[in-house]
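Trainee: Handing you this structure, nothing more for now.
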Amino acid sequence: MQNKIGMAVIGYGGMGSHHARNVRLKRPGKFDVIGTFDIREERQKASRAFGLTPYESREALLSDPKIELVVVATPNDVHKEIVIDALRHGKNVICEKPVTMTSADLEDMIAVANETGMLFTVHQNRRWDPDFRTVMAIRDSNTMGHIFHVESRVHGSRGIPSDWRNQKEHGGGMLLDWGIHLLDQMLQYAGERRLLRLYAQLTNVTNENCDDGFRVHCTFEGDTSYIVEVLTSNFISLPRWYVLGENGSAVVKDWTRRGKIIKVSDWENRECVPIRAGVGITKTMAPRNKSTIRRYRLPHPKCDWMEYYDNIHDVIRNGAAPFVTHDQQRRLIRLCEAIFESGETGKTVELE
Ligand code: NAD
């Protein structure tokens with residue numbers, strides 16, 4: 001068996017070409033990006049222009065024994081059908097996020113993966129986002145005391161894109177688009193902690209077909225709350241992350257990791273002079289005396305998204321465990337279902 005894994009992409013649009021380009025340029029020793037299939041002729045041409053083979057049909061691609069790994073990067077509603085077809089053809093499969101739209105569909109896909117023994121995993125690439133890695137490093141450093149609250153948000157001002165993302169039947173909406181990334185990060189952050197309950201609001205500011213944003217408040221065991229917010233009508237954005245620990249606070253402003261950590265250096269020093277606030281006075285909200293706090297730089301741990309593909313190679317060639325597992329996907333899709341339920345009923349949903 002040769003070391004290189006023959007790879008193909010089904011759905012050669014924005015993300016499909018991102019996979020092909022990056023793997024070809026960054027991991028030429030591990031993967032041979034052979035070809036693609038897309039239902040649009042212009043994308044078939046784009047594939048040829050990039051030096052790939054545009055197969056004439058999905059069947060032709062899946063019947064090629066040189067292809068061992070298929071990346072599915074079509075709109076969300078056809079992931080299930082294509083993943084199952086590829087697994088049944090004996091291919092290993094990376095499916096784009098969201099893996100699919102319901103837990104029932106996910107179970108059907110997992111059943112075929114188990115039956116065929118092929119790899120079936122999902123591209124949760126934002127686990128390698130630098131800003132997220134910084135927050136994980138803050139968590140792991142244990143230097144802010146118990147972290148009791150995290151806020152993770154992305155704000156845009158362009159509404160929802162006008163393609164399939166704007167159509168419910170294709171799995172559109174911001175919860176399944178950006179939300180699924182931020183929620184996957186949240187579950188990675190929480191680890192083994194049970195997610196006890198959540199309350200969510202879905203927004204339809206610019207779009208009636210599907211949600212153009214949402215806000216969810218999650219309560220985890222161990223006195224930890226976590227807000228995830230994705231909004232698309234914000235002409236002023238709030239910071240990407242806000243993290244509160246008993247002895248300090250952190251802000252990560254954006255994807256480039258601008259921000260800071262402020263820690264208390266002298267808790268006992270509570271002396272403060274009341275300040276004027278609005279039309280009143282306050283001691284509680286008075287700024288801290290500078291001698292009682294210290295400012296720190298954010299940690300900048302190394303992060304390389306290509307580790308995802310290194311793991312895929314290791315799974316297929318050496319039987320390693322995949323980074324993104326079936327159980328993680330079960331938890332994530334169940335979480336999305338609970339957010340839709342809470343958004344639609346206006347009620348808190350009890351979970352794990
Ligand atoms: P896109 O519209 O740019 O591309 C989708 C492509 O799939 C189109 O070229 C379309 O012609 C093709 N297609 C549709 N149905 C098909 C079928 N049955 N067989 C073959 N081809 C078909 O969309 P996109 O932005 O590339 O999104 C594709 C997938 O990637 C979605 O699931 C999306 O959620 C995901 N995505 C992931 C990330 C990430 O960071 N992980 C980013 C963007 C998109």
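Labels used: A, B, ... for chains in the order of the structure tokens, numbers from 1 for residues in each chain, and numbers from 1 for ligands as shown.
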If the limit is 7 Å from any atom of ligand 1, counting only C-alpha atoms and all ligand atoms, which residues qualify? Return them as a list in words.
Mentor: Ile10, Gly11, Tyr12, Gly13, Gly14, Met15, Gly16, Phe37, Asp38, Ile39, Arg40, Arg43, Ala73, Thr74, Pro75, Asn76, Val78, Glu96, Lys97, Pro98, His123, Gln124, Asn125, Arg126, Asp163, Trp164 and Asp177 of chain A
Trainee: Would you save the residues of that selection, restricted to C-alpha atoms, as a short mmCIF file (atom, residue, chain, number, x, y, z; two decimals), in the first residue's frame?
Mentor:
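Now in again39.cif:
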```cif
data_model
loop_
_atom_site.label_atom_id
_atom_site.label_comp_id
_atom_site.auth_asym_id
_atom_site.auth_seq_id
_atom_site.Cartn_x
_atom_site.Cartn_y
_atom_site.Cartn_z
CA ILE A 10 -17.64 16.11 -4.19
CA GLY A 11 -19.08 19.62 -4.32
CA TYR A 12 -16.27 21.77 -5.75
CA GLY A 13 -17.55 25.16 -4.62
CA GLY A 14 -15.98 27.56 -2.12
CA MET A 15 -15.10 25.02 0.55
CA GLY A 16 -14.47 22.07 -1.75
CA PHE A 37 -17.38 16.08 -9.07
CA ASP A 38 -19.81 19.00 -9.08
CA ILE A 39 -23.24 19.30 -10.66
CA ARG A 40 -22.34 22.73 -12.08
CA ARG A 43 -17.10 24.13 -11.31
CA ALA A 73 -18.52 19.74 0.48
CA THR A 74 -21.99 20.16 -1.00
CA PRO A 75 -24.87 22.13 0.56
CA ASN A 76 -25.99 20.60 3.84
CA VAL A 78 -27.33 16.39 0.44
CA GLU A 96 -18.27 19.15 5.84
CA LYS A 97 -20.09 20.67 8.80
CA PRO A 98 -22.91 20.48 9.70
CA HIS A 123 -14.50 18.74 9.19
CA GLN A 124 -14.62 20.71 12.45
CA ASN A 125 -11.71 22.88 11.35
CA ARG A 126 -12.40 25.74 13.73
CA ASP A 163 -27.34 31.36 -1.82
CA TRP A 164 -28.56 28.01 -0.39
CA ASP A 177 -23.60 27.54 9.43
#
```
Trainee: If you run DSSP over the backbone, which residues in segment 142-331 of chain A end up strand (DSSP E)? Put them as number ranges by chain.
Mentor: A: 147-155, 195-203, 213-220, 224-231, 241-245, 248-252, 259-264, 275-277, 280-282, 293-296
Trainee: Give me, as a Markdown table, the closest atom pair and its distance (Å, one decimal) for every residue of segment 165-282 of chain A within a cut-off of 12 Å of segment 303-324 of chain A, counting only C-alpha atoms, rows sorted by chain and rising number.
Mentor:
```
| residue | atom | partner | partner_atom | distance |
| --- | --- | --- | --- | --- |
| A:Asp184 | CA | A:Val324 | CA | 10.1 |
| A:Gln185 | CA | A:Val324 | CA | 11.8 |
| A:Leu187 | CA | A:Val324 | CA | 11.9 |
| A:Gln188 | CA | A:Val324 | CA | 10.4 |
```
Trainee: If I take atom CA of Val71 of chain A and atom CA of Val93 of chain A, how far is one from the other in Å, to one decimal?
Mentor: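 Separation between atom CA of Val71 of chain A and atom CA of Val93 of chain A: 5.9 Å.
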Trainee: Enumerate the residues of segment 76-239 of chain A with a DSSP assignment of helix (DSSP H, G or I), computed from the backbone, and present them as a CSV table (one decimal) with C-alpha atoms, in the first residue's frame.
Mentor:
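Output below, filename part-v3.csv:
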```csv
chain,number,residue,atom,x,y,z
A,76,ASN,CA,-26.0,20.6,3.8
A,77,ASP,CA,-29.2,18.8,2.7
A,78,VAL,CA,-27.3,16.4,0.4
A,79,HIS,CA,-24.5,15.4,2.9
A,80,LYS,CA,-26.4,12.4,4.1
A,81,GLU,CA,-27.1,10.8,0.7
A,82,ILE,CA,-23.6,11.4,-0.6
A,83,VAL,CA,-21.8,10.3,2.5
A,84,ILE,CA,-23.8,7.0,2.6
A,85,ASP,CA,-23.2,6.4,-1.1
A,86,ALA,CA,-19.4,7.0,-0.7
A,87,LEU,CA,-19.2,4.7,2.4
A,88,ARG,CA,-21.1,2.0,0.5
A,103,SER,CA,-30.0,13.2,14.9
A,104,ALA,CA,-32.1,10.6,13.0
A,105,ASP,CA,-30.1,11.3,9.8
A,106,LEU,CA,-26.9,11.2,11.7
A,107,GLU,CA,-27.7,7.8,13.1
A,108,ASP,CA,-28.4,6.4,9.6
A,109,MET,CA,-25.0,7.7,8.5
A,110,ILE,CA,-23.2,6.2,11.5
A,111,ALA,CA,-24.9,2.9,11.0
A,112,VAL,CA,-23.5,2.6,7.4
A,113,ALA,CA,-20.1,3.7,8.6
A,114,ASN,CA,-20.1,0.9,11.2
A,115,GLU,CA,-21.5,-1.6,8.8
A,116,THR,CA,-18.8,-0.8,6.1
A,125,ASN,CA,-11.7,22.9,11.4
A,126,ARG,CA,-12.4,25.7,13.7
A,127,ARG,CA,-10.9,23.7,16.6
A,128,TRP,CA,-7.7,25.0,15.1
A,130,PRO,CA,-6.0,30.7,16.8
A,131,ASP,CA,-8.5,32.7,18.9
A,132,PHE,CA,-10.1,29.4,20.2
A,133,ARG,CA,-6.7,27.9,20.9
A,134,THR,CA,-5.9,31.0,23.0
A,135,VAL,CA,-9.1,30.5,25.1
A,136,MET,CA,-8.3,26.9,25.5
A,137,ALA,CA,-4.8,27.9,26.7
A,138,ILE,CA,-6.3,30.3,29.2
A,139,ARG,CA,-8.6,27.5,30.5
A,140,ASP,CA,-5.6,25.1,30.8
A,141,SER,CA,-3.4,27.6,32.5
A,164,TRP,CA,-28.6,28.0,-0.4
A,165,ARG,CA,-27.7,29.3,3.1
A,166,ASN,CA,-30.8,31.4,2.9
A,168,LYS,CA,-34.3,26.1,5.0
A,169,GLU,CA,-34.7,23.1,2.7
A,170,HIS,CA,-31.0,23.1,1.9
A,174,MET,CA,-26.8,30.7,10.8
A,175,LEU,CA,-27.2,28.1,13.5
A,176,LEU,CA,-26.2,25.4,11.1
A,177,ASP,CA,-23.6,27.5,9.4
A,178,TRP,CA,-21.5,29.5,11.9
A,179,GLY,CA,-23.3,28.3,14.9
A,180,ILE,CA,-22.1,24.7,14.5
A,181,HIS,CA,-18.5,25.8,14.6
A,182,LEU,CA,-18.9,27.9,17.8
A,183,LEU,CA,-21.0,25.1,19.5
A,184,ASP,CA,-18.4,22.5,18.6
A,185,GLN,CA,-15.8,24.8,20.2
A,186,MET,CA,-18.0,25.1,23.3
A,187,LEU,CA,-18.3,21.3,23.7
A,188,GLN,CA,-14.5,21.0,23.2
A,189,TYR,CA,-14.0,23.7,25.9
A,190,ALA,CA,-16.5,22.0,28.3
```
Trainee: Nearest to Phe31 of chain A among A:Asn3, A:Ser265, A:Ser157, A:Thr256, with distances taken over only C-alpha atoms: which residue is it?
Mentor: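 Ranking A:Asn3, A:Ser265, A:Ser157, A:Thr256 by distance to Phe31 of chain A, first place goes to A:Asn3.
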Trainee: Within 8 Å of Ser249 of chain A, counting only C-alpha atoms, which residues show up once you throw out same-chain ones fewer than 6 positions away? Write them as a ChimeraX atom specification, please.
Mentor: /A:144,242-243,261-263
Trainee: Would you mind exporting N, CA and C atoms of the selected residues as an mmCIF file, in the first residue's frame?
Mentor:
```cif
data_model
loop_
_atom_site.group_PDB
_atom_site.id
_atom_site.type_symbol
_atom_site.label_atom_id
_atom_site.label_comp_id
_atom_site.auth_asym_id
_atom_site.auth_seq_id
_atom_site.Cartn_x
_atom_site.Cartn_y
_atom_site.Cartn_z
ATOM 1 N N MET A 144 -6.671 31.996 36.234
ATOM 2 C CA MET A 144 -7.700 33.019 36.489
ATOM 3 C C MET A 144 -8.698 32.529 37.538
ATOM 4 N N TYR A 242 -15.119 36.733 25.601
ATOM 5 C CA TYR A 242 -15.071 37.407 26.897
ATOM 6 C C TYR A 242 -15.109 36.293 27.942
ATOM 7 N N VAL A 243 -14.073 36.233 28.776
ATOM 8 C CA VAL A 243 -13.915 35.088 29.688
ATOM 9 C C VAL A 243 -13.780 35.620 31.111
ATOM 10 N N ILE A 261 -5.445 40.045 29.252
ATOM 11 C CA ILE A 261 -5.948 39.410 30.478
ATOM 12 C C ILE A 261 -5.659 40.388 31.619
ATOM 13 N N ILE A 262 -6.652 40.594 32.454
ATOM 14 C CA ILE A 262 -6.440 41.395 33.663
ATOM 15 C C ILE A 262 -6.685 40.478 34.859
ATOM 16 N N LYS A 263 -5.660 40.399 35.755
ATOM 17 C CA LYS A 263 -5.839 39.559 36.949
ATOM 18 C C LYS A 263 -5.713 40.422 38.195
#
```
Trainee: Would you pick out the contacts of Asp223 of chain A at 9 Å or less, using only C-alpha atoms, so that residues sharing its chain but fewer than 2 positions from it are not included, and give the list as a list in words?
Mentor: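 Here the qualifying residues turn out to be Ile147, Phe148, His149, Thr219, Phe220, Glu221 and Ser225 of chain A.
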Trainee: Go through segment 239-339 of chain A residue by residue and, counting only C-alpha atoms, keep those with an atom at most 12 Å from segment 194-206 of chain A; for each kept residue give the shortest atom pair and its distance in Å to one decimal, ordered by chain and increasing number, as JSON lines.
Mentor:
```
{"residue": "A:Arg331", "atom": "CA", "partner": "A:Leu195", "partner_atom": "CA", "distance": 9.9}
{"residue": "A:Leu332", "atom": "CA", "partner": "A:Leu195", "partner_atom": "CA", "distance": 11.2}
{"residue": "A:Arg334", "atom": "CA", "partner": "A:Leu195", "partner_atom": "CA", "distance": 11.3}
{"residue": "A:Leu335", "atom": "CA", "partner": "A:Leu198", "partner_atom": "CA", "distance": 9.0}
{"residue": "A:Cys336", "atom": "CA", "partner": "A:Ala200", "partner_atom": "CA", "distance": 10.2}
{"residue": "A:Glu337", "atom": "CA", "partner": "A:Ala200", "partner_atom": "CA", "distance": 11.0}
{"residue": "A:Ala338", "atom": "CA", "partner": "A:Leu198", "partner_atom": "CA", "distance": 7.8}
{"residue": "A:Ile339", "atom": "CA", "partner": "A:Ala200", "partner_atom": "CA", "distance": 5.6}
```
Trainee: May I ask for the distance between atom CA of Gln167 of chain A and atom CA of Asp212 of chain A, given in Å to one decimal place?
Mentor: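 Here the two named atoms are 10.8 Å from each other.
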Trainee: How many Å lie between atom CA of Thr121 of chain A and atom CA of Ala20 of chain A, rounded to one decimal?
Mentor: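 Distance reported for this atom pair: 17.1 Å.
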Trainee: Give me, as a list of chain:residue names, all polymer residues having an atom no more than 9 Å from Asn234 of chain A, counting only C-alpha atoms and skipping those fewer than 3 positions away in the same chain.
Mentor: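 The neighbour list is A:His155, A:Gly156, A:Ser157, A:Arg158, A:Gly159, A:Leu231, A:Ser237, A:Leu238.
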